[in-house]
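> Take a look at the following structure, please.
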Amino acid sequence: AYNKDISPSHFTMYGCLTARVMVEALRRMGPDLTRPKLIATLEAMKDFDTGISGKVSFGPNQHMGINEVYPFGIEEGQFKIVAAPIGPKK
């Protein structure tokens with residue numbers, strides 16, 4: 001929306017995804033912003049819907065947030081999931 005020279009791509013999508021997760025973690029933390037509280041807040045985040053990637057969950061031993069890749073496209077300037085997620089075989 002701000003720099004018309006930058007085309008949306010998977011890099012910008014992951015940047016937006018990361019920003020949405022971080023903003024949500026900061027919102028959940030409240031005014032006491034400390035590193036230990038940020039880590040605890042992120043590790044307690046379960047099934048957060050970013051609107052871009054599907055649900056994001058973290059834990060003490062789960063720092064990736066997602067276990068699947070969501071094929072996406074750009075529609076009317078917005079990221080849109082276009083197919084079922086691709087993930088580890090079960």
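Labels used: A, B, ... for chains in the order of the structure tokens, numbers from 1 for residues in each chain, and numbers from 1 for ligands as shown.
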Name the residues of range 4-55 of chain A that fall into alpha helix (DSSP H) according to DSSP on the backbone, using the chain letters and numbers of this document, as a VMD selection string.

chain A and resid 10 to 29 35 to 44

> List every residue of chain A that DSSP, applied to the backbone of this structure, assigns to strand (DSSP E or B), and report them as a PyMOL selection string.

chain A and resi 48-49+55-56+59+62+69+72-75+78-81+86

> Can I get the selection written as a PDB file, in the first residue's frame, with C-alpha atoms?


ATOM      1  CA  PHE A  48      -3.796 -17.919  16.183  1.00  0.00           C
ATOM      2  CA  ASP A  49      -5.424 -17.183  12.825  1.00  0.00           C
ATOM      3  CA  LYS A  55      -3.360 -21.227  12.326  1.00  0.00           C
ATOM      4  CA  VAL A  56      -0.105 -20.458  14.144  1.00  0.00           C
ATOM      5  CA  GLY A  59       5.267 -23.990  22.466  1.00  0.00           C
ATOM      6  CA  GLN A  62       7.735 -25.586  18.848  1.00  0.00           C
ATOM      7  CA  VAL A  69       2.935 -24.347   3.829  1.00  0.00           C
ATOM      8  CA  PHE A  72      -1.191 -18.336  -1.705  1.00  0.00           C
ATOM      9  CA  GLY A  73      -1.835 -15.758  -4.366  1.00  0.00           C
ATOM     10  CA  ILE A  74      -2.596 -12.073  -4.526  1.00  0.00           C
ATOM     11  CA  GLU A  75      -6.194 -11.049  -5.183  1.00  0.00           C
ATOM     12  CA  GLN A  78      -4.590  -8.984  -0.591  1.00  0.00           C
ATOM     13  CA  PHE A  79      -2.883 -12.289   0.176  1.00  0.00           C
ATOM     14  CA  LYS A  80      -5.276 -15.198  -0.316  1.00  0.00           C
ATOM     15  CA  ILE A  81      -4.807 -18.903   0.426  1.00  0.00           C
ATOM     16  CA  ILE A  86       1.149 -28.822   2.122  1.00  0.00           C
TER      17      ILE A  86
END

> If you count only C-alpha atoms, which residues fall within 8 Å of range 4-17 of chain A, apart from same-chain ones fewer than 2 positions away, as a VMD selection string?

chain A and resid 1 to 2 19 to 21 50 52 to 53 74 79

> Return the single residue from A:Leu38, A:Ala44, A:Ala84, A:Ile66 that is closest to Leu26 in chain A, with distances computed using only C-alpha atoms.

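The answer is A:Leu38, which sits nearest to Leu26 in chain A.
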